[in-house]
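One file, run.csv, is given below (CSV, C-alpha atoms).
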```
chain,number,residue,atom,x,y,z
E,1,MET,CA,-30.4,-53.6,-21.2
E,2,THR,CA,-29.5,-50.5,-23.2
E,3,ALA,CA,-32.0,-48.5,-21.2
E,4,THR,CA,-30.4,-49.7,-18.0
E,5,THR,CA,-26.9,-48.8,-19.2
E,6,GLU,CA,-28.0,-45.3,-20.2
E,7,ALA,CA,-29.7,-44.9,-16.8
E,8,ASP,CA,-26.5,-46.0,-15.0
E,9,GLU,CA,-24.4,-43.5,-17.1
E,10,GLN,CA,-26.8,-40.7,-16.4
E,11,GLN,CA,-26.6,-41.5,-12.6
E,12,THR,CA,-22.8,-41.5,-12.8
E,13,ARG,CA,-22.7,-38.1,-14.6
E,14,THR,CA,-25.1,-36.7,-12.0
E,15,ALA,CA,-23.0,-38.0,-9.1
E,16,ARG,CA,-19.7,-36.8,-10.6
E,17,PRO,CA,-18.9,-33.2,-9.6
E,18,SER,CA,-18.6,-30.7,-12.4
E,19,TRP,CA,-15.3,-29.2,-13.4
E,20,ALA,CA,-16.2,-25.8,-11.8
E,21,ALA,CA,-17.2,-27.5,-8.5
E,22,THR,CA,-13.9,-29.4,-8.5
E,23,GLN,CA,-11.9,-26.3,-9.1
E,24,LEU,CA,-13.8,-24.4,-6.5
E,25,GLY,CA,-13.1,-27.2,-4.0
E,26,ALA,CA,-9.4,-27.1,-4.8
E,27,LEU,CA,-9.4,-23.3,-4.3
E,28,ARG,CA,-11.1,-23.6,-1.0
E,29,GLU,CA,-8.6,-26.3,0.1
E,30,LEU,CA,-5.7,-24.1,-1.0
E,31,LEU,CA,-7.0,-21.0,0.9
E,32,SER,CA,-7.6,-23.0,4.0
E,33,ARG,CA,-3.9,-24.0,4.4
E,34,PRO,CA,-2.1,-22.5,7.4
E,35,LEU,CA,0.6,-20.7,5.4
E,36,THR,CA,-1.7,-19.3,2.7
E,37,SER,CA,-1.4,-15.7,4.1
E,38,TYR,CA,2.3,-16.0,4.4
E,39,TYR,CA,2.9,-17.1,0.9
E,40,LEU,CA,0.4,-14.6,-0.6
E,41,ILE,CA,2.1,-11.7,1.1
E,42,LEU,CA,5.6,-12.9,0.2
E,43,GLY,CA,4.7,-13.7,-3.4
E,44,CYS,CA,2.6,-10.6,-4.1
E,45,SER,CA,5.2,-8.3,-2.6
E,46,ALA,CA,8.0,-9.9,-4.6
E,47,LEU,CA,6.0,-9.6,-7.9
E,48,LEU,CA,5.0,-6.0,-7.2
E,49,LEU,CA,8.6,-5.1,-6.3
E,50,ALA,CA,10.0,-6.7,-9.4
E,51,LEU,CA,7.3,-5.0,-11.6
E,52,GLY,CA,8.0,-1.7,-9.9
E,53,LEU,CA,11.7,-1.8,-10.6
E,54,MET,CA,11.1,-2.7,-14.2
E,55,MET,CA,8.6,0.1,-14.6
E,56,VAL,CA,10.7,2.7,-12.8
E,57,LEU,CA,13.6,1.9,-15.2
E,58,SER,CA,11.3,2.3,-18.2
E,59,ALA,CA,9.4,5.4,-17.0
E,60,SER,CA,12.4,7.3,-15.7
E,61,SER,CA,15.1,6.5,-18.3
E,62,ILE,CA,14.4,9.4,-20.7
E,63,GLU,CA,14.2,12.1,-18.0
E,64,ALA,CA,17.2,10.6,-16.2
E,65,LEU,CA,19.2,10.8,-19.4
E,66,GLN,CA,18.2,14.4,-20.0
E,67,MET,CA,18.7,15.6,-16.5
E,68,MET,CA,21.5,13.4,-15.1
E,69,GLY,CA,23.2,12.1,-18.1
E,70,ASP,CA,22.5,8.5,-17.0
E,71,PRO,CA,19.3,6.6,-17.9
E,72,PHE,CA,19.8,4.3,-14.9
E,73,TYR,CA,20.1,7.1,-12.3
E,74,TRP,CA,16.7,6.8,-10.7
E,75,PHE,CA,16.5,3.0,-11.3
E,76,LEU,CA,19.8,2.6,-9.3
E,77,LYS,CA,18.5,4.7,-6.5
E,78,GLN,CA,15.3,2.7,-6.4
E,79,SER,CA,17.3,-0.5,-6.5
E,80,LEU,CA,19.3,0.7,-3.5
E,81,SER,CA,16.1,1.4,-1.6
E,82,VAL,CA,14.9,-2.2,-2.4
E,83,GLY,CA,18.3,-3.5,-1.3
E,84,LEU,CA,17.8,-1.7,2.1
E,85,GLY,CA,14.1,-2.6,2.4
E,86,LEU,CA,14.3,-6.3,1.8
E,87,PRO,CA,16.7,-7.0,4.8
E,88,LEU,CA,14.4,-4.7,6.9
E,89,MET,CA,11.4,-6.8,5.7
E,90,TYR,CA,13.2,-10.0,6.6
E,91,VAL,CA,14.2,-8.7,10.1
E,92,CYS,CA,10.6,-7.6,10.8
E,93,SER,CA,9.3,-11.0,9.7
E,94,LYS,CA,11.4,-12.6,12.4
E,95,LEU,CA,10.4,-10.3,15.3
E,96,PRO,CA,7.6,-11.3,17.8
E,97,GLN,CA,4.8,-8.8,18.2
E,98,ARG,CA,6.1,-7.4,21.5
E,99,TYR,CA,8.9,-5.7,19.7
E,100,PHE,CA,6.5,-4.0,17.4
E,101,ARG,CA,4.4,-2.8,20.4
E,102,LEU,CA,7.6,-1.4,22.0
E,103,ALA,CA,8.4,0.5,18.8
E,104,GLY,CA,5.0,2.3,18.7
E,105,TYR,CA,5.7,5.3,20.9
E,106,PRO,CA,9.3,5.9,19.7
E,107,LEU,CA,8.2,5.8,16.1
E,108,MET,CA,5.3,8.2,16.9
E,109,ALA,CA,7.7,10.6,18.6
E,110,LEU,CA,10.2,10.5,15.7
E,111,SER,CA,7.5,11.0,13.2
E,112,ILE,CA,6.2,14.1,14.9
E,113,ILE,CA,9.8,15.5,15.2
E,114,GLY,CA,10.4,14.8,11.5
E,115,LEU,CA,7.1,16.5,10.5
E,116,VAL,CA,7.9,19.5,12.6
E,117,MET,CA,11.4,19.7,10.9
E,118,THR,CA,9.7,19.5,7.5
E,119,ILE,CA,7.6,22.6,8.2
E,120,PHE,CA,10.7,24.6,9.2
E,121,ILE,CA,13.5,23.3,7.0
E,122,GLY,CA,11.6,21.2,4.4
E,123,SER,CA,11.6,21.9,0.7
E,124,SER,CA,8.4,23.0,-1.0
E,125,GLU,CA,7.7,21.4,-4.4
E,126,LEU,CA,4.5,21.0,-6.5
E,127,GLY,CA,2.5,22.9,-3.9
E,128,ALA,CA,3.4,20.6,-0.9
E,129,GLN,CA,6.2,20.8,1.7
E,130,ARG,CA,7.0,17.1,2.2
E,131,TRP,CA,10.7,16.6,1.8
E,132,ILE,CA,13.9,17.2,3.8
E,133,TYR,CA,17.1,17.3,1.8
E,134,ILE,CA,20.3,16.1,3.6
E,135,GLY,CA,23.0,16.3,0.9
E,136,SER,CA,21.9,13.8,-1.8
E,137,LEU,CA,19.6,12.1,0.6
E,138,THR,CA,15.9,12.9,0.4
E,139,ILE,CA,13.6,12.1,3.4
E,140,GLN,CA,9.8,12.3,3.5
E,141,PRO,CA,8.8,12.0,7.2
E,142,SER,CA,5.1,11.7,6.4
E,143,GLU,CA,5.7,8.2,5.0
E,144,PRO,CA,7.1,6.5,8.2
E,145,ALA,CA,4.4,8.4,10.0
E,146,LYS,CA,1.8,6.0,8.5
E,147,LEU,CA,3.6,3.0,10.0
E,148,ALA,CA,4.0,4.8,13.3
E,149,MET,CA,0.3,5.6,13.4
E,150,VAL,CA,-0.6,1.9,12.6
E,151,ILE,CA,1.5,0.5,15.4
E,152,TRP,CA,0.9,3.2,18.0
E,153,GLY,CA,-2.9,3.2,17.4
E,154,ALA,CA,-3.2,-0.6,17.4
E,155,ASP,CA,-1.2,-0.9,20.6
E,156,LEU,CA,-3.2,1.7,22.4
E,157,LEU,CA,-6.5,0.2,21.4
E,158,ALA,CA,-5.3,-3.3,22.1
E,159,ARG,CA,-4.3,-2.3,25.7
E,160,ARG,CA,-7.7,-0.8,26.3
E,161,ALA,CA,-9.5,-3.8,24.8
E,162,ARG,CA,-7.5,-6.1,27.2
E,163,ASN,CA,-8.6,-3.9,30.1
E,164,GLY,CA,-12.2,-3.9,28.9
E,165,MET,CA,-12.2,-0.1,28.4
E,166,ILE,CA,-13.2,0.2,24.7
E,167,GLU,CA,-16.0,2.8,24.7
E,168,TRP,CA,-16.2,5.7,22.3
E,169,ARG,CA,-15.4,8.2,25.0
E,170,HIS,CA,-12.1,6.4,25.7
E,171,LEU,CA,-11.2,6.8,22.0
E,172,LEU,CA,-11.0,10.6,22.4
E,173,VAL,CA,-7.9,10.4,24.6
E,174,PRO,CA,-5.2,9.9,23.6
E,175,LEU,CA,-5.9,8.3,20.2
E,176,MET,CA,-7.7,11.2,18.5
E,177,PRO,CA,-5.3,13.9,19.8
E,178,GLY,CA,-2.3,11.8,18.5
E,179,VAL,CA,-4.0,11.3,15.1
E,180,ALA,CA,-4.9,15.0,15.1
E,181,ILE,CA,-1.3,16.1,15.7
E,182,LEU,CA,0.0,14.0,12.8
E,183,ALA,CA,-2.8,15.1,10.5
E,184,VAL,CA,-2.3,18.8,11.3
E,185,LEU,CA,1.4,18.7,10.8
E,186,VAL,CA,0.9,17.0,7.5
E,187,MET,CA,-1.7,19.5,6.5
E,188,LEU,CA,0.6,22.3,7.4
E,189,GLY,CA,2.9,20.9,4.8
E,190,ARG,CA,0.0,21.1,2.4
E,191,ASP,CA,0.0,17.4,1.8
E,192,LEU,CA,-3.6,16.4,1.3
E,193,GLY,CA,-2.9,13.0,-0.1
E,194,THR,CA,-1.0,11.7,2.9
E,195,THR,CA,-3.6,13.2,5.2
E,196,ILE,CA,-6.3,11.1,3.4
E,197,VAL,CA,-4.2,8.0,3.9
E,198,LEU,CA,-3.7,8.8,7.6
E,199,MET,CA,-7.5,9.1,8.0
E,200,ILE,CA,-8.0,5.8,6.2
E,201,ILE,CA,-5.8,4.1,8.8
E,202,PHE,CA,-7.6,5.9,11.6
E,203,LEU,CA,-11.0,4.9,10.4
E,204,ALA,CA,-9.8,1.3,9.9
E,205,LEU,CA,-8.7,1.1,13.5
E,206,LEU,CA,-12.0,2.5,14.7
E,207,TRP,CA,-14.0,0.1,12.5
E,208,VAL,CA,-12.1,-3.0,13.8
E,209,VAL,CA,-12.4,-1.9,17.4
E,210,GLY,CA,-16.1,-1.5,17.0
E,211,ALA,CA,-16.7,2.2,17.3
E,212,PRO,CA,-20.3,3.3,17.1
E,213,VAL,CA,-21.8,4.6,13.9
E,214,ARG,CA,-22.4,8.1,15.3
E,215,LEU,CA,-18.7,8.5,16.0
E,216,PHE,CA,-17.9,7.5,12.4
E,217,ALA,CA,-20.5,10.1,11.2
E,218,GLY,CA,-19.0,12.8,13.3
E,219,ILE,CA,-15.4,12.1,12.2
E,220,LEU,CA,-16.4,11.8,8.5
E,221,SER,CA,-18.3,15.2,8.7
E,222,LEU,CA,-15.2,16.8,10.3
E,223,LEU,CA,-12.9,15.3,7.6
E,224,ALA,CA,-15.2,16.5,4.9
E,225,MET,CA,-15.2,20.0,6.2
E,226,ALA,CA,-11.4,19.9,6.6
E,227,THR,CA,-11.0,18.7,3.1
E,228,VAL,CA,-13.2,21.4,1.6
E,229,PHE,CA,-11.2,24.0,3.6
E,230,MET,CA,-7.9,22.7,2.3
E,231,ILE,CA,-9.2,22.7,-1.2
E,232,ILE,CA,-10.5,26.3,-1.2
E,233,SER,CA,-7.6,27.6,0.8
E,234,GLU,CA,-5.1,26.7,-1.9
E,235,GLY,CA,-5.6,27.8,-5.5
E,236,TYR,CA,-3.7,24.9,-7.0
E,237,ARG,CA,-6.1,22.4,-5.3
E,238,SER,CA,-9.1,24.1,-6.8
E,239,ASP,CA,-7.4,23.9,-10.1
E,240,ARG,CA,-6.8,20.2,-9.6
E,241,ILE,CA,-10.5,19.6,-8.8
E,242,GLU,CA,-11.4,21.6,-12.0
E,243,GLY,CA,-8.9,19.5,-13.9
E,244,TRP,CA,-10.3,16.3,-12.5
E,245,LEU,CA,-13.9,17.2,-13.3
E,246,ASN,CA,-13.1,18.4,-16.9
E,247,PRO,CA,-9.6,17.4,-17.9
E,248,TRP,CA,-10.2,17.8,-21.6
E,249,GLY,CA,-11.7,21.2,-21.1
E,250,ASN,CA,-8.3,22.5,-20.0
E,251,ALA,CA,-5.9,19.9,-21.3
E,252,GLN,CA,-3.1,22.4,-21.6
E,253,GLY,CA,-3.6,23.7,-18.0
E,254,SER,CA,-5.1,22.2,-14.9
E,255,GLY,CA,-6.2,19.0,-16.7
E,256,TYR,CA,-2.8,18.4,-18.4
E,257,GLN,CA,-1.5,15.6,-16.3
E,258,ALA,CA,-4.9,13.8,-16.0
E,259,ALA,CA,-5.4,14.1,-19.8
E,260,GLN,CA,-1.9,12.8,-20.6
E,261,GLY,CA,-2.4,9.9,-18.1
E,262,GLN,CA,-5.6,8.9,-19.8
E,263,ILE,CA,-3.9,9.1,-23.2
E,264,ALA,CA,-1.3,6.7,-21.9
E,265,MET,CA,-3.9,4.3,-20.5
E,266,GLY,CA,-5.9,4.4,-23.7
E,267,SER,CA,-2.9,3.9,-25.9
E,268,GLY,CA,-2.0,0.5,-24.3
E,269,GLY,CA,-5.0,-1.4,-25.6
E,270,TRP,CA,-5.3,-5.0,-24.5
E,271,PHE,CA,-1.6,-6.0,-24.3
E,272,GLY,CA,0.3,-2.7,-24.4
E,273,LEU,CA,2.8,-1.1,-26.7
E,274,GLY,CA,5.6,-3.3,-25.3
E,275,LEU,CA,8.0,-2.8,-22.4
E,276,GLY,CA,10.0,0.4,-22.8
E,277,SER,CA,7.9,1.6,-25.7
E,278,SER,CA,5.9,4.3,-23.9
E,279,ARG,CA,5.4,7.5,-25.9
E,280,GLN,CA,4.1,9.5,-22.9
E,281,LYS,CA,7.4,9.3,-21.0
E,282,TRP,CA,9.0,11.4,-23.7
E,283,ASP,CA,8.4,14.7,-21.8
E,284,TRP,CA,4.6,14.4,-22.1
E,285,LEU,CA,3.5,12.8,-18.8
E,286,PRO,CA,4.9,14.5,-15.6
E,287,HIS,CA,6.1,12.2,-12.8
E,288,GLY,CA,5.6,9.0,-14.8
E,289,GLU,CA,8.0,7.2,-12.5
E,290,SER,CA,6.2,8.0,-9.3
E,291,ASP,CA,2.6,9.4,-9.1
E,292,PHE,CA,1.6,8.2,-12.6
E,293,ILE,CA,3.6,5.0,-13.0
E,294,PHE,CA,0.3,3.1,-13.3
E,295,ALA,CA,-0.4,5.1,-16.5
E,296,ILE,CA,3.0,4.1,-18.0
E,297,LEU,CA,2.4,0.5,-16.9
E,298,GLY,CA,-1.0,0.6,-18.7
E,299,GLU,CA,0.5,2.1,-21.8
E,300,GLU,CA,3.4,-0.5,-22.1
E,301,LEU,CA,1.7,-3.6,-20.7
E,302,GLY,CA,-1.9,-2.8,-21.6
E,303,LEU,CA,-5.1,-3.8,-19.9
E,304,MET,CA,-3.7,-7.2,-19.0
E,305,GLY,CA,-0.8,-5.6,-17.1
E,306,THR,CA,-3.1,-3.3,-15.1
E,307,LEU,CA,-5.5,-6.1,-14.2
E,308,THR,CA,-2.5,-8.1,-13.0
E,309,VAL,CA,-1.4,-5.3,-10.7
E,310,LEU,CA,-5.0,-5.0,-9.4
E,311,ALA,CA,-5.1,-8.7,-8.8
E,312,LEU,CA,-1.8,-8.6,-6.9
E,313,PHE,CA,-3.1,-5.8,-4.7
E,314,GLY,CA,-6.4,-7.7,-4.2
E,315,LEU,CA,-4.6,-10.8,-3.1
E,316,LEU,CA,-2.3,-8.8,-0.8
E,317,CYS,CA,-5.3,-7.2,0.9
E,318,TYR,CA,-7.1,-10.6,1.1
E,319,ALA,CA,-4.0,-12.0,3.0
E,320,GLY,CA,-3.9,-9.0,5.4
E,321,LEU,CA,-7.6,-9.4,6.2
E,322,ARG,CA,-7.2,-13.1,6.5
E,323,ILE,CA,-4.5,-12.6,9.2
E,324,ALA,CA,-6.8,-10.1,11.0
E,325,SER,CA,-9.8,-12.6,11.0
E,326,ARG,CA,-7.8,-15.7,12.1
E,327,THR,CA,-6.2,-14.2,15.2
E,328,LYS,CA,-7.5,-13.8,18.7
E,329,ASP,CA,-4.9,-11.2,19.6
E,330,PRO,CA,-6.4,-7.7,19.5
E,331,PHE,CA,-3.1,-6.0,18.6
E,332,VAL,CA,-2.4,-8.4,15.7
E,333,ARG,CA,-6.0,-7.9,14.4
E,334,LEU,CA,-5.9,-4.1,14.6
E,335,THR,CA,-2.4,-3.9,13.1
E,336,ALA,CA,-3.1,-6.3,10.2
E,337,ALA,CA,-6.4,-4.5,9.4
E,338,ALA,CA,-4.8,-1.1,9.5
E,339,CYS,CA,-1.8,-2.1,7.4
E,340,THR,CA,-4.2,-3.6,4.8
E,341,ALA,CA,-6.3,-0.4,4.8
E,342,TRP,CA,-3.1,1.7,4.4
E,343,ILE,CA,-1.7,-0.2,1.5
E,344,GLY,CA,-5.0,-1.0,-0.2
E,345,GLY,CA,-6.4,2.5,0.3
E,346,GLN,CA,-3.3,4.2,-1.0
E,347,ALA,CA,-3.3,1.9,-4.1
E,348,ILE,CA,-7.0,2.8,-4.7
E,349,VAL,CA,-6.3,6.6,-4.3
E,350,ASN,CA,-3.3,6.4,-6.7
E,351,ILE,CA,-5.0,4.3,-9.3
E,352,GLY,CA,-8.2,6.2,-9.1
E,353,ALA,CA,-6.4,9.4,-9.8
E,354,VAL,CA,-4.7,7.9,-12.8
E,355,ILE,CA,-7.9,6.6,-14.4
E,356,GLY,CA,-9.8,9.8,-13.6
E,357,ALA,CA,-12.1,8.4,-10.9
E,358,LEU,CA,-10.5,10.5,-8.2
E,359,PRO,CA,-8.7,13.8,-8.0
E,360,ILE,CA,-4.9,13.8,-8.3
E,361,THR,CA,-3.4,13.8,-4.8
E,362,GLY,CA,0.3,13.1,-5.5
E,363,ILE,CA,0.7,9.9,-3.5
E,364,PRO,CA,2.7,6.9,-4.8
E,365,LEU,CA,1.5,3.4,-5.8
E,366,PRO,CA,2.8,1.1,-3.0
E,367,LEU,CA,5.8,-1.1,-3.9
E,368,VAL,CA,5.7,0.1,-7.6
E,369,SER,CA,6.3,3.9,-7.6
E,370,TYR,CA,9.7,5.4,-7.3
E,371,GLY,CA,10.6,6.6,-3.8
E,372,GLY,CA,12.6,5.1,-0.9
E,373,SER,CA,10.8,7.1,1.8
E,374,ALA,CA,7.6,5.3,0.9
E,375,LEU,CA,9.1,2.0,0.0
E,376,LEU,CA,11.0,1.3,3.3
E,377,PRO,CA,8.0,1.7,5.7
E,378,THR,CA,5.8,-0.3,3.4
E,379,LEU,CA,8.3,-3.2,3.4
E,380,ALA,CA,8.6,-3.0,7.1
E,381,ALA,CA,4.8,-3.2,7.4
E,382,LEU,CA,4.7,-6.2,5.1
E,383,GLY,CA,7.5,-7.9,7.1
E,384,MET,CA,5.3,-7.3,10.2
E,385,LEU,CA,2.4,-9.0,8.4
E,386,LEU,CA,4.7,-11.9,7.6
E,387,SER,CA,5.6,-12.2,11.3
E,388,PHE,CA,1.9,-12.4,12.2
E,389,ALA,CA,1.1,-14.8,9.3
E,390,LYS,CA,3.7,-17.3,10.8
E,391,ARG,CA,1.7,-17.3,14.0
E,392,GLU,CA,-1.6,-18.2,12.5
E,393,PRO,CA,-3.2,-21.4,13.7
E,394,GLY,CA,-1.2,-24.3,12.4
E,395,ALA,CA,1.4,-22.1,10.6
E,396,ALA,CA,4.2,-22.8,13.1
E,397,GLU,CA,3.8,-26.5,12.6
E,398,ALA,CA,3.7,-26.2,8.8
E,399,LEU,CA,6.9,-24.1,8.9
E,400,ALA,CA,8.6,-26.6,11.1
E,401,ALA,CA,7.7,-29.4,8.8
E,402,ARG,CA,9.0,-27.4,5.8
E,403,GLY,CA,12.4,-27.0,7.3
E,404,PRO,CA,14.7,-24.0,7.2
E,405,GLY,CA,14.5,-21.6,4.3
E,406,PRO,CA,17.3,-20.5,2.0
E,407,ALA,CA,18.1,-17.5,4.1
E,408,ALA,CA,18.2,-19.5,7.3
E,409,ARG,CA,20.4,-22.1,5.6
E,410,ALA,CA,22.8,-19.4,4.4
E,411,LEU,CA,23.1,-18.0,7.9
E,412,SER,CA,23.7,-21.4,9.3
E,413,TRP,CA,26.4,-22.1,6.7
E,414,LEU,CA,28.1,-18.8,7.8
E,415,GLY,CA,28.0,-20.0,11.4
E,416,LEU,CA,25.2,-17.6,12.4
E,417,LYS,CA,21.9,-18.5,14.0
E,418,THR,CA,18.5,-17.2,12.9
```
Turn this file's structure into structure tokens for me.
Amino acid sequence: MTATTEADEQQTRTARPSWAATQLGALRELLSRPLTSYYLILGCSALLLALGLMMVLSASSIEALQMMGDPFYWFLKQSLSVGLGLPLMYVCSKLPQRYFRLAGYPLMALSIIGLVMTIFIGSSELGAQRWIYIGSLTIQPSEPAKLAMVIWGADLLARRARNGMIEWRHLLVPLMPGVAILAVLVMLGRDLGTTIVLMIIFLALLWVVGAPVRLFAGILSLLAMATVFMIISEGYRSDRIEGWLNPWGNAQGSGYQAAQGQIAMGSGGWFGLGLGSSRQKWDWLPHGESDFIFAILGEELGLMGTLTVLALFGLLCYAGLRIASRTKDPFVRLTAAACTAWIGGQAIVNIGAVIGALPITGIPLPLVSYGGSALLPTLAALGMLLSFAKREPGAAEALAARGPGPAARALSWLGLKT
């Protein structure tokens, strides 16, 4: 009888799923829900924004006190940008896709005009001519150009896909000339980092639309030659490459920022020195609130903080690709994939520069770094992804069952309709 009981218990243990299998099943069930993409984008964006505001305050307070007499100066400006960007994100999340498609050509035209103005009346700083100053307002036209390229390129390819015209020859006109105009104007402003991000968006569009491998090879070869030319044509870029390859060999010269960033990352250990306790922000690490905010984050929050940021960007990219894979609309698929490549690619380039895996290019970490010109188009793109996520299979029914959200209830209480 004892043997029988032991056999029954063994059979029960064999039939019962393991803890890992149970958790994996729960995760699959969670990821299969209709609103998974929507909540991932909303949650990851909110957490990265909150973390960014916190780190901008910490990283910029010393320099702001020394230069402006107010430790909250750049934090308040960033808070204003967030205050403008969140309503923009909300409005974009409510718009149907036809409004985005209508905005493609006007956004492209405004971006070209802005980039031309930057060349003639822009301000040159740190070897690049990116900014236009209008009083106390600073505008960087190359940032909204990324959003313009995403929408315009996706709309153009979607129209051709609908007409059955997607062949590599048809990609040459007008997509490549339009991309070339943006890239050349940005390169004339000596902004290699933004040019790289524009090319990432362009390649993502080509990949999703199914361009042949030989076209990719030709474009990549052309980009490689253009990058080499831009590096050798400007002495400071050659110095950056030298500083990247051997930052400690010239730690007081071309490798200074890279070396100080690595010191910040290494000082943080597992859990960091504590929020606000960075040593490198005391006039050691240049641009700690913008290009190198990830280094300050690693110093104050440690490895756990940096891994959290990487996880948030990973989940954000997963949500964007999930939207692209679950839709049958070519415009939504192309736009979602291009936005994901833009935000994810820019994060990789920024973080890679901070940890020494890539050369320093001077582009911000999306949603985290200081800068309203970069933040507003990014929030608009995320709002657009939220709009697409609400139209995934089963998402509309799930939202209807959930009822109106807090913003909708507030507008209804004010007598306004959403």
Inset, instruction - Mind checking which residues fall within 9 Å of Ala374 in chain E, counting all atoms listed in the file, ignoring those fewer than 2 positions away in the same chain, and posting them as a PyMOL selection string? - result: chain E and resi 140+142-144+364+366-367+369-372+376-379
Go ahead and save the residues from that selection, with C-alpha atoms, as a PDB file, keeping the file's coordinate frame.
```pdb
ATOM      1  CA  GLN E 140       9.800  12.300   3.500  1.00  0.00           C
ATOM      2  CA  SER E 142       5.100  11.700   6.400  1.00  0.00           C
ATOM      3  CA  GLU E 143       5.700   8.200   5.000  1.00  0.00           C
ATOM      4  CA  PRO E 144       7.100   6.500   8.200  1.00  0.00           C
ATOM      5  CA  PRO E 364       2.700   6.900  -4.800  1.00  0.00           C
ATOM      6  CA  PRO E 366       2.800   1.100  -3.000  1.00  0.00           C
ATOM      7  CA  LEU E 367       5.800  -1.100  -3.900  1.00  0.00           C
ATOM      8  CA  SER E 369       6.300   3.900  -7.600  1.00  0.00           C
ATOM      9  CA  TYR E 370       9.700   5.400  -7.300  1.00  0.00           C
ATOM     10  CA  GLY E 371      10.600   6.600  -3.800  1.00  0.00           C
ATOM     11  CA  GLY E 372      12.600   5.100  -0.900  1.00  0.00           C
ATOM     12  CA  LEU E 376      11.000   1.300   3.300  1.00  0.00           C
ATOM     13  CA  PRO E 377       8.000   1.700   5.700  1.00  0.00           C
ATOM     14  CA  THR E 378       5.800  -0.300   3.400  1.00  0.00           C
ATOM     15  CA  LEU E 379       8.300  -3.200   3.400  1.00  0.00           C
TER      16      LEU E 379
END
```
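Between Ile351 in chain E and the residues E:Leu385, E:Leu297, E:Leu102, E:Ala145, the shortest atom-to-atom distance, using all atoms listed in the file, involves E:Leu297.
For the pair CA of Leu182 in chain E and CA of Arg214 in chain E, the interatomic distance is 23.3 Å.
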Legend entry - Atom pair CA of Leu115 in chain E / CA of Thr195 in chain E: separation (Å): 12.4 Å
Inset, instruction - Mind checking which residues fall within 12 Å of Ser45 in chain E, counting all atoms listed in the file, ignoring those fewer than 2 positions away in the same chain, and posting them as a VMD selection string? - result: chain E and resid 37 to 43 47 to 52 82 85 to 86 89 309 312 to 317 319 343 366 to 368 375 378 to 383 385 to 386
Write out, as an mmCIF file, in the coordinates of the input, the residues just selected, with C-alpha atoms.
```
data_model
loop_
_atom_site.group_PDB
_atom_site.id
_atom_site.type_symbol
_atom_site.label_atom_id
_atom_site.label_comp_id
_atom_site.auth_asym_id
_atom_site.auth_seq_id
_atom_site.Cartn_x
_atom_site.Cartn_y
_atom_site.Cartn_z
ATOM 1 C CA SER E 37 -1.400 -15.700 4.100
ATOM 2 C CA TYR E 38 2.300 -16.000 4.400
ATOM 3 C CA TYR E 39 2.900 -17.100 0.900
ATOM 4 C CA LEU E 40 0.400 -14.600 -0.600
ATOM 5 C CA ILE E 41 2.100 -11.700 1.100
ATOM 6 C CA LEU E 42 5.600 -12.900 0.200
ATOM 7 C CA GLY E 43 4.700 -13.700 -3.400
ATOM 8 C CA LEU E 47 6.000 -9.600 -7.900
ATOM 9 C CA LEU E 48 5.000 -6.000 -7.200
ATOM 10 C CA LEU E 49 8.600 -5.100 -6.300
ATOM 11 C CA ALA E 50 10.000 -6.700 -9.400
ATOM 12 C CA LEU E 51 7.300 -5.000 -11.600
ATOM 13 C CA GLY E 52 8.000 -1.700 -9.900
ATOM 14 C CA VAL E 82 14.900 -2.200 -2.400
ATOM 15 C CA GLY E 85 14.100 -2.600 2.400
ATOM 16 C CA LEU E 86 14.300 -6.300 1.800
ATOM 17 C CA MET E 89 11.400 -6.800 5.700
ATOM 18 C CA VAL E 309 -1.400 -5.300 -10.700
ATOM 19 C CA LEU E 312 -1.800 -8.600 -6.900
ATOM 20 C CA PHE E 313 -3.100 -5.800 -4.700
ATOM 21 C CA GLY E 314 -6.400 -7.700 -4.200
ATOM 22 C CA LEU E 315 -4.600 -10.800 -3.100
ATOM 23 C CA LEU E 316 -2.300 -8.800 -0.800
ATOM 24 C CA CYS E 317 -5.300 -7.200 0.900
ATOM 25 C CA ALA E 319 -4.000 -12.000 3.000
ATOM 26 C CA ILE E 343 -1.700 -0.200 1.500
ATOM 27 C CA PRO E 366 2.800 1.100 -3.000
ATOM 28 C CA LEU E 367 5.800 -1.100 -3.900
ATOM 29 C CA VAL E 368 5.700 0.100 -7.600
ATOM 30 C CA LEU E 375 9.100 2.000 0.000
ATOM 31 C CA THR E 378 5.800 -0.300 3.400
ATOM 32 C CA LEU E 379 8.300 -3.200 3.400
ATOM 33 C CA ALA E 380 8.600 -3.000 7.100
ATOM 34 C CA ALA E 381 4.800 -3.200 7.400
ATOM 35 C CA LEU E 382 4.700 -6.200 5.100
ATOM 36 C CA GLY E 383 7.500 -7.900 7.100
ATOM 37 C CA LEU E 385 2.400 -9.000 8.400
ATOM 38 C CA LEU E 386 4.700 -11.900 7.600
#
```
Inset, instruction - Have a look at CA of Gly269 in chain E and CA of Pro247 in chain E and let me know their distance in Å, one decimal. - result: 20.8 Å
Legend entry - Closest of E:Gly104, E:Gly135, E:Gly345, E:Gly362 to Met149 in chain E - atom-to-atom distances counting only C-alpha atoms: E:Gly104
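In this comparison, which uses only C-alpha atoms, the residue of E:Met108, E:Ala217, E:Val197, E:Pro177 approaching Val349 in chain E most closely is E:Val197.
Candidate residues E:Ser58, E:Ser93, E:Ser373, E:Thr327 were compared for distance to Ile132 in chain E, and the nearest is E:Ser373, using all atoms listed in the file.
Taking all atoms listed in the file into account, Ala180 in chain E lies nearest to E:Leu223 out of the set E:Leu223, E:Leu156, E:Ile139, E:Leu88.
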